[in-house]
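Engineer: Contents are mmCIF, C-alpha atoms; file name protein_6.cif:
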data_final
#
loop_
_atom_site.label_atom_id
_atom_site.label_comp_id
_atom_site.auth_asym_id
_atom_site.auth_seq_id
_atom_site.Cartn_x
_atom_site.Cartn_y
_atom_site.Cartn_z
CA MET Z 1 67.37 6.38 45.96
CA LYS Z 2 66.75 5.34 42.39
CA LYS Z 3 63.22 6.74 42.51
CA ARG Z 4 64.54 10.04 43.82
CA THR Z 5 67.18 10.19 41.04
CA LYS Z 6 64.55 9.46 38.41
CA ARG Z 7 62.32 12.18 39.86
CA ILE Z 8 65.15 14.71 39.78
CA LEU Z 9 65.99 13.80 36.18
CA LEU Z 10 62.34 14.12 35.22
CA ILE Z 11 62.13 17.56 36.83
CA ILE Z 12 65.30 18.69 35.04
CA THR Z 13 64.00 17.38 31.70
CA LEU Z 14 60.64 19.10 32.13
CA ALA Z 15 62.36 22.33 33.12
CA PHE Z 16 64.58 22.13 30.04
CA ILE Z 17 61.61 21.48 27.75
CA SER Z 18 59.66 24.31 29.36
CA GLY Z 19 62.62 26.63 28.83
CA ILE Z 20 62.87 25.72 25.15
CA VAL Z 21 59.12 26.23 24.66
CA TYR Z 22 59.34 29.60 26.41
CA ILE Z 23 62.24 30.72 24.22
CA PHE Z 24 60.41 29.84 21.02
CA THR Z 25 57.03 31.29 22.06
CA TYR Z 26 58.06 34.44 23.93
CA VAL Z 27 57.50 37.59 21.88
CA PRO Z 28 59.30 40.69 23.15
CA THR Z 29 57.32 43.91 23.24
CA LEU Z 30 58.14 46.61 20.73
CA PRO Z 31 60.65 49.11 22.16
CA GLU Z 32 59.75 52.72 22.85
CA GLN Z 33 62.22 53.64 20.11
CA TYR Z 34 60.21 51.77 17.45
CA GLY Z 35 60.31 53.76 14.22
CA ILE Z 36 63.27 55.92 15.22
CA VAL Z 37 66.49 55.95 13.19
CA GLU Z 38 69.72 57.90 13.53
CA THR Z 39 70.80 59.94 10.50
CA LYS Z 40 73.93 61.80 9.50
CA LEU Z 41 74.00 63.70 6.21
CA TYR Z 42 77.24 64.36 4.34
CA LEU Z 43 77.01 66.82 1.45
CA GLY Z 44 79.50 68.06 -1.10
CA ASN Z 45 79.62 71.55 -2.57
CA SER Z 46 77.61 70.99 -5.74
CA ASP Z 47 73.89 71.47 -6.30
CA ASN Z 48 71.37 68.79 -7.26
CA GLN Z 49 73.33 66.01 -5.60
CA PRO Z 50 71.89 62.51 -6.05
CA LEU Z 51 71.49 60.95 -2.61
CA ILE Z 52 73.22 57.71 -1.60
CA VAL Z 53 71.50 56.26 1.48
CA ALA Z 54 73.86 53.88 3.27
CA PHE Z 55 73.19 51.15 5.84
CA GLY Z 56 75.44 48.90 7.88
CA GLY Z 57 74.79 45.28 8.80
CA GLY Z 58 74.00 43.07 11.75
CA GLY Z 59 76.51 44.67 14.08
CA GLY Z 60 74.30 47.71 14.46
CA GLY Z 61 75.25 51.33 14.96
CA ASN Z 62 75.56 53.91 12.22
CA ASP Z 63 78.25 52.15 10.22
CA TRP Z 64 78.64 54.69 7.44
CA SER Z 65 79.23 57.53 9.89
CA ARG Z 66 82.29 55.79 11.32
CA ASN Z 67 85.87 56.78 10.53
CA TYR Z 68 86.68 53.63 8.58
CA MET Z 69 84.03 54.64 5.99
CA LYS Z 70 85.21 58.25 5.73
CA GLU Z 71 87.27 57.65 2.59
CA LYS Z 72 84.27 56.20 0.76
CA ARG Z 73 81.95 58.98 1.99
CA ASP Z 74 84.41 61.66 0.90
CA SER Z 75 84.96 60.08 -2.50
CA LEU Z 76 81.21 59.98 -3.12
CA ASN Z 77 80.93 63.64 -2.11
CA GLU Z 78 83.78 64.52 -4.46
CA LYS Z 79 81.95 62.77 -7.28
CA GLY Z 80 78.88 64.93 -6.62
CA TYR Z 81 76.77 62.64 -4.44
CA GLY Z 82 75.26 63.35 -1.07
CA VAL Z 83 75.58 60.53 1.49
CA LEU Z 84 72.98 59.81 4.15
CA ALA Z 85 74.26 57.40 6.79
CA ILE Z 86 71.45 55.67 8.69
CA GLY Z 87 71.69 53.73 11.93
CA TYR Z 88 68.55 51.65 12.35
CA PHE Z 89 69.37 49.74 15.55
CA ASN Z 90 71.93 49.82 18.38
CA SER Z 91 72.55 53.44 17.48
CA ASN Z 92 71.78 56.76 19.16
CA GLY Z 93 68.07 56.85 20.10
CA THR Z 94 67.19 53.76 18.06
CA PRO Z 95 65.96 50.29 19.09
CA LYS Z 96 68.70 48.25 20.77
CA SER Z 97 68.12 45.12 18.69
CA LEU Z 98 67.52 44.28 15.05
CA ASP Z 99 63.89 43.47 15.73
CA ARG Z 100 60.84 44.59 13.74
CA ILE Z 101 62.50 47.67 12.28
CA SER Z 102 59.94 49.89 10.55
CA LEU Z 103 60.53 50.11 6.80
CA ASP Z 104 57.93 52.87 6.61
CA ALA Z 105 59.77 55.00 9.16
CA ILE Z 106 63.06 54.61 7.30
CA SER Z 107 61.43 55.53 3.98
CA ASP Z 108 59.70 58.59 5.47
CA THR Z 109 62.96 59.73 7.07
CA ILE Z 110 64.83 59.47 3.76
CA LEU Z 111 62.16 61.44 1.88
CA ASN Z 112 62.16 64.21 4.49
CA ILE Z 113 65.94 64.59 4.33
CA ALA Z 114 65.88 64.46 0.51
CA LYS Z 115 63.96 67.76 0.56
CA ASN Z 116 67.27 69.48 1.35
CA PRO Z 117 67.76 72.12 -1.41
CA LYS Z 118 71.18 70.72 -2.32
CA ILE Z 119 69.76 67.24 -3.00
CA ASP Z 120 68.09 66.01 -6.18
CA GLU Z 121 65.20 64.11 -4.60
CA SER Z 122 64.41 62.40 -7.91
CA LYS Z 123 67.70 60.48 -7.65
CA ILE Z 124 67.97 58.28 -4.56
CA ALA Z 125 70.06 55.12 -4.35
CA LEU Z 126 70.24 52.65 -1.48
CA ILE Z 127 73.38 50.78 -0.48
CA GLY Z 128 73.75 48.21 2.28
CA GLY Z 129 75.80 45.19 3.23
CA SER Z 130 74.88 41.91 4.90
CA ARG Z 131 71.67 42.49 6.90
CA GLY Z 132 71.82 46.02 5.47
CA GLY Z 133 71.67 44.44 2.01
CA GLU Z 134 68.58 42.53 3.07
CA LEU Z 135 67.18 45.84 4.31
CA VAL Z 136 67.75 47.83 1.11
CA LEU Z 137 66.13 45.13 -1.02
CA ASN Z 138 63.12 45.10 1.31
CA LEU Z 139 62.88 48.89 1.16
CA ALA Z 140 63.26 49.29 -2.58
CA SER Z 141 60.79 46.49 -3.32
CA ARG Z 142 58.09 48.34 -1.37
CA PHE Z 143 58.70 52.03 -2.15
CA ASP Z 144 59.09 53.21 -5.74
CA HIS Z 145 60.89 56.48 -4.93
CA PHE Z 146 64.24 54.66 -4.78
CA ASN Z 147 65.97 54.63 -8.16
CA ALA Z 148 68.92 52.27 -7.72
CA VAL Z 149 70.03 49.57 -5.27
CA ILE Z 150 73.45 48.22 -4.35
CA ALA Z 151 73.22 45.14 -2.11
CA MET Z 152 76.50 43.70 -0.86
CA SER Z 153 76.87 40.22 0.71
CA THR Z 154 73.10 40.14 0.81
CA SER Z 155 70.28 37.62 1.17
CA ASN Z 156 67.29 36.92 -1.04
CA VAL Z 157 64.99 36.33 1.92
CA SER Z 158 64.19 38.05 5.19
CA PHE Z 159 65.69 36.41 8.26
CA PRO Z 160 64.49 36.58 11.88
CA ALA Z 161 65.28 39.31 14.36
CA ILE Z 162 68.62 39.24 16.14
CA THR Z 163 67.22 38.61 19.60
CA TRP Z 164 67.71 35.77 22.06
CA SER Z 165 64.34 34.28 21.06
CA ALA Z 166 64.71 34.99 17.30
CA ASN Z 167 60.99 34.48 16.80
CA THR Z 168 59.98 37.82 15.33
CA SER Z 169 60.74 39.42 11.99
CA SER Z 170 63.62 41.81 11.46
CA TRP Z 171 61.30 44.20 9.62
CA THR Z 172 57.78 45.60 9.63
CA TYR Z 173 55.82 47.14 6.77
CA LYS Z 174 52.69 49.13 7.60
CA ASP Z 175 53.20 47.94 11.19
CA LYS Z 176 52.92 44.27 10.21
CA GLU Z 177 55.81 41.82 10.37
CA VAL Z 178 57.52 41.02 7.08
CA PRO Z 179 57.50 37.23 6.47
CA TYR Z 180 60.81 35.62 7.47
CA VAL Z 181 62.58 32.26 7.52
CA PRO Z 182 62.35 30.97 11.11
CA ALA Z 183 65.27 29.74 13.19
CA THR Z 184 64.61 26.12 14.17
CA LEU Z 185 65.94 24.20 17.17
CA LYS Z 186 68.78 22.66 15.21
CA THR Z 187 70.22 26.09 14.43
CA ILE Z 188 70.95 26.74 18.10
CA SER Z 189 74.08 24.59 18.24
CA PRO Z 190 75.95 26.15 15.28
CA ALA Z 191 74.80 29.64 16.30
CA LEU Z 192 76.21 29.19 19.82
CA LYS Z 193 79.49 28.04 18.28
CA GLY Z 194 79.61 31.16 16.12
CA ASP Z 195 79.06 29.16 12.93
CA LEU Z 196 76.56 31.55 11.38
CA TYR Z 197 77.06 30.14 7.89
CA THR Z 198 75.73 26.73 8.93
CA ALA Z 199 72.90 28.25 10.97
CA HIS Z 200 71.68 30.24 7.96
CA LYS Z 201 72.04 27.27 5.62
CA MET Z 202 69.88 25.24 8.00
CA MET Z 203 67.19 27.92 8.02
CA LEU Z 204 67.13 27.96 4.23
CA GLU Z 205 66.38 24.21 4.17
CA ASP Z 206 62.78 25.14 4.95
CA LYS Z 207 61.76 25.63 1.32
CA GLU Z 208 58.16 26.62 2.06
CA ALA Z 209 59.19 29.29 4.57
CA SER Z 210 61.95 30.51 2.24
CA LYS Z 211 59.46 30.95 -0.57
CA LYS Z 212 57.16 33.02 1.66
CA ALA Z 213 60.08 35.09 2.94
CA GLU Z 214 61.61 35.76 -0.47
CA ILE Z 215 62.00 39.46 -1.16
CA GLN Z 216 59.94 40.61 -4.15
CA VAL Z 217 62.88 42.26 -5.87
CA GLU Z 218 61.02 42.49 -9.18
CA ASN Z 219 59.10 45.46 -7.71
CA ILE Z 220 62.25 47.57 -7.45
CA ASN Z 221 62.05 50.75 -9.52
CA GLY Z 222 65.56 50.91 -10.91
CA ALA Z 223 68.89 49.24 -11.55
CA ILE Z 224 70.28 46.65 -9.14
CA LEU Z 225 73.89 45.73 -8.41
CA ILE Z 226 74.60 42.68 -6.25
CA LEU Z 227 78.12 42.00 -4.95
CA SER Z 228 79.16 38.88 -3.05
CA GLY Z 229 82.33 37.14 -1.92
CA LYS Z 230 82.95 33.60 -3.10
CA ASN Z 231 84.14 32.57 0.37
CA ASP Z 232 81.59 34.28 2.61
CA ASP Z 233 81.71 32.64 6.05
CA GLN Z 234 78.74 34.49 7.56
CA TRP Z 235 75.99 33.17 5.32
CA PRO Z 236 75.64 31.77 1.77
CA ALA Z 237 75.60 35.20 0.12
CA GLN Z 238 76.71 33.96 -3.29
CA GLU Z 239 73.93 31.36 -3.52
CA MET Z 240 71.30 33.76 -2.21
CA SER Z 241 72.44 36.47 -4.62
CA ASP Z 242 72.19 34.01 -7.52
CA ARG Z 243 68.58 33.40 -6.49
CA ILE Z 244 67.89 37.13 -6.63
CA ILE Z 245 69.09 37.28 -10.25
CA LYS Z 246 67.17 34.12 -11.10
CA ARG Z 247 63.97 35.65 -9.72
CA LEU Z 248 64.52 38.90 -11.60
CA LYS Z 249 65.01 37.05 -14.87
CA SER Z 250 61.93 34.89 -14.29
CA LYS Z 251 59.88 38.06 -13.73
CA ASP Z 252 61.28 39.79 -16.86
CA PHE Z 253 62.72 42.60 -14.76
CA LYS Z 254 63.13 45.57 -17.10
CA TYR Z 255 66.00 47.37 -15.40
CA TYR Z 256 69.70 46.60 -15.34
CA HIS Z 257 70.61 43.86 -12.85
CA GLU Z 258 73.90 42.11 -12.24
CA HIS Z 259 75.52 39.87 -9.64
CA ILE Z 260 79.30 40.16 -9.50
CA LYS Z 261 81.11 37.39 -7.62
CA LEU Z 262 84.34 38.46 -5.99
CA ASP Z 263 87.34 36.67 -4.56
CA GLY Z 264 87.20 37.00 -0.79
CA GLY Z 265 84.77 36.77 2.08
CA HIS Z 266 81.93 38.70 3.66
CA ILE Z 267 83.60 42.13 3.33
CA ALA Z 268 84.93 41.57 -0.20
CA PRO Z 269 82.45 44.08 -1.74
CA LEU Z 270 83.92 46.93 0.31
CA GLU Z 271 87.34 46.01 -1.08
CA HIS Z 272 86.07 46.42 -4.66
CA PHE Z 273 84.24 49.73 -4.32
CA ASN Z 274 85.26 50.79 -7.81
CA LEU Z 275 82.38 48.58 -8.98
CA VAL Z 276 79.97 50.76 -7.00
CA TYR Z 277 81.36 53.94 -8.56
CA ASP Z 278 81.03 52.45 -12.06
CA PHE Z 279 77.44 51.41 -11.37
CA LEU Z 280 76.49 54.86 -10.09
CA ASP Z 281 78.16 56.60 -13.04
CA LYS Z 282 75.99 54.58 -15.42
CA HIS Z 283 72.69 54.33 -13.55
CA LEU Z 284 72.53 57.33 -11.23
CA PRO Z 285 74.81 59.96 -12.80
CA THR Z 286 75.39 63.28 -11.10
CA LYS Z 287 74.50 65.22 -14.25
#
Let me see the structure of the file written as structure tokens.

Structural biologist:
Amino acid sequence: MKKRTKRILLIITLAFISGIVYIFTYVPTLPEQYGIVETKLYLGNSDNQPLIVAFGGGGGGNDWSRNYMKEKRDSLNEKGYGVLAIGYFNSNGTPKSLDRISLDAISDTILNIAKNPKIDESKIALIGGSRGGELVLNLASRFDHFNAVIAMSTSNVSFPAITWSANTSSWTYKDKEVPYVPATLKTISPALKGDLYTAHKMMLEDKEASKKAEIQVENINGAILILSGKNDDQWPAQEMSDRIIKRLKSKDFKYYHEHIKLDGGHIAPLEHFNLVYDFLDKHLPTK
């Protein structure tokens, strides 16, 4: 009986180990929708409108096209800006997961839409929050046709895809995966409990991987505004944002750059949108 029990336990252990190995080695195939994004353009009545390209975060969908963002879209239109809302995953016709999203495809899409005769294609700003903040920094650091960046509750590194295996990059550039900080075994427990802050902190403990995955923000061709909440419970946005500024200073970044720390949590930047308007007035004016 004891031998049989030991055998059963051994089989269960081996099956568990095999499952873990499979999870961390399985690479999902690229979806048919790879390189497709959903876009919705909101224009005001004026001519030569600078374009604000807006991205949501890790929840997916086309966040800036939703009703709760209407007030901010309308106010930007009233100030003379066009707004392009982009859904890059879990949106109409796009990949279902945040997994190896093509930066090139997003950039090409923006440039094509910026040819609209009512848009001033020499003035394009990117704005994104959370994983969308990570996205806009990755975009602007690789394509010099973006003239200003607003990253809210952002990271200074690229994190893995939001898939059950989490062993691919969130982004691709020229069809190659962007380096990312991997999710290790110990991050599984806090992630399953919904403690994303701890899971991200654990990933950042890998200093070598973090260094390789750090976004080269010094290549951005324009002013940068970083906004973070002091009590972010999703990931250490304030610390990561400080590292962005530290890197910019160490690289003698020539454009305006500032990190404003706000009272509040992960969505605090959306509650202080006057800071975005002030930044745009100074660094991407409508006239």

Engineer: Evaluate the PyMOL selection byres ((chain Z and resi 31) around 10) against this structure - the residues, as a ChimeraX atom specification, please.

Structural biologist: /Z:28-30,32-35,94-97,99-100

Engineer: Hey, can you spit out that residue selection with C-alpha atoms as a compact mmCIF listing (two decimals), in the coordinates of the input?

Structural biologist:
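File written: again_39.txt
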# COMPACT_ATOMS: atom_id res chain seq x y z
CA PRO Z 28 59.30 40.69 23.15
CA THR Z 29 57.32 43.91 23.24
CA LEU Z 30 58.14 46.61 20.73
CA GLU Z 32 59.75 52.72 22.85
CA GLN Z 33 62.22 53.64 20.11
CA TYR Z 34 60.21 51.77 17.45
CA GLY Z 35 60.31 53.76 14.22
CA THR Z 94 67.19 53.76 18.06
CA PRO Z 95 65.96 50.29 19.09
CA LYS Z 96 68.70 48.25 20.77
CA SER Z 97 68.12 45.12 18.69
CA ASP Z 99 63.89 43.47 15.73
CA ARG Z 100 60.84 44.59 13.74

Engineer: Near His257 of chain Z, within 6 Å and counting only C-alpha atoms, which residues show up once chain neighbours fewer than 4 positions away are dropped, as a list in words?

Structural biologist: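 The filter keeps Ala223, Ile224 and Leu225 of chain Z.
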
Engineer: For the provided coordinates, the residues matched by the PyMOL selection byres ((chain Z and resi 55-63) around 10) should be stated as JSON, numbers by chain.

Structural biologist: {"Z": [37, 38, 39, 40, 52, 53, 54, 64, 65, 66, 67, 68, 69, 84, 85, 86, 87, 88, 89, 90, 91, 92, 94, 95, 96, 97, 98, 126, 127, 128, 129, 130, 131, 132, 133, 134, 135, 136, 151, 152, 153, 154, 161, 162]}

Engineer: On this structure, the PyMOL selection byres ((chain Z and resi 253) around 12) would catch which residues? List them as a PyMOL selection string, sorted by chain and number.

Structural biologist: chain Z and resi 216-224+244-252+254-258

Engineer: Please compute the atom CA of Gly194 of chain Z-atom CA of Leu139 of chain Z distance, one decimal, in Å.

Structural biologist: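 That distance, rounded to one decimal, is 28.6 Å.
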
Engineer: Which residues come within 8 Å of Asp47 of chain Z, counting all atoms listed in the file, excluding same-chain residues fewer than 3 positions away, as a ChimeraX atom specification?

Structural biologist: /Z:117-120

Engineer: Between atom CA of Leu43 of chain Z and atom CA of Leu227 of chain Z, what distance in Å does the model show, to one decimal?

Structural biologist: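 One can read the atom CA of Leu43 of chain Z to atom CA of Leu227 of chain Z distance as 25.7 Å.
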
Engineer: Go through Z:Ser169, Z:Gln49, Z:Ser155, Z:Ser102 one by one, measure the shortest atom-to-atom distance of each to Gly80 of chain Z using only C-alpha atoms, and give the residue with the smallest value.

Structural biologist: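 Result for the nearest residue to Gly80 of chain Z: Z:Gln49.
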
Engineer: Name all residues at most 7 Å from segment 238-241 of chain Z (count all atoms listed in the file; drop same-chain ones fewer than 5 positions away) and give them as number ranges by chain.

Structural biologist: Z: 154-156, 226, 228-230, 259

Engineer: Would you compute the distance between atom CA of Glu177 of chain Z and atom CA of Asp242 of chain Z? Give it in Å to one decimal.

Structural biologist: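 Going from atom CA of Glu177 of chain Z over to atom CA of Asp242 of chain Z covers 25.5 Å.
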
Engineer: Pick out the closest residue to Leu76 of chain Z from this set: Z:Val181, Z:Leu103, Z:Gly44, Z:His272. Count only C-alpha atoms.

Structural biologist: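 Ranking Z:Val181, Z:Leu103, Z:Gly44, Z:His272 by distance to Leu76 of chain Z, first place goes to Z:Gly44.
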
Engineer: Would you mind telling me which residue in Z:Lys174, Z:Lys115, Z:Lys186, Z:Lys123 lies nearest to Tyr81 of chain Z when using only C-alpha atoms?

Structural biologist: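 Of the candidates, the smallest distance to Tyr81 of chain Z is held by Z:Lys123.
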
Engineer: Please list as number ranges by chain every residue within 12 Å of Glu78 of chain Z, counting all atoms listed in the file and excluding residues in the same chain fewer than 4 positions away.

Structural biologist: Z: 42-46, 49, 71-74, 82-83, 277, 286

Engineer: Would you list the contacts of Tyr197 of chain Z as number ranges by chain, taking every protein, DNA or RNA residue within 6 Å and counting all atoms listed in the file, but skipping same-chain residues closer than 5 positions in sequence?

Structural biologist: Z: 233-235

Engineer: Quick one: of Z:Phe143, Z:Asp232, Z:Lys176, Z:Asp206, who's nearest to Ile106 of chain Z, counting only C-alpha atoms?

Structural biologist: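 The answer is Z:Phe143, which sits nearest to Ile106 of chain Z.
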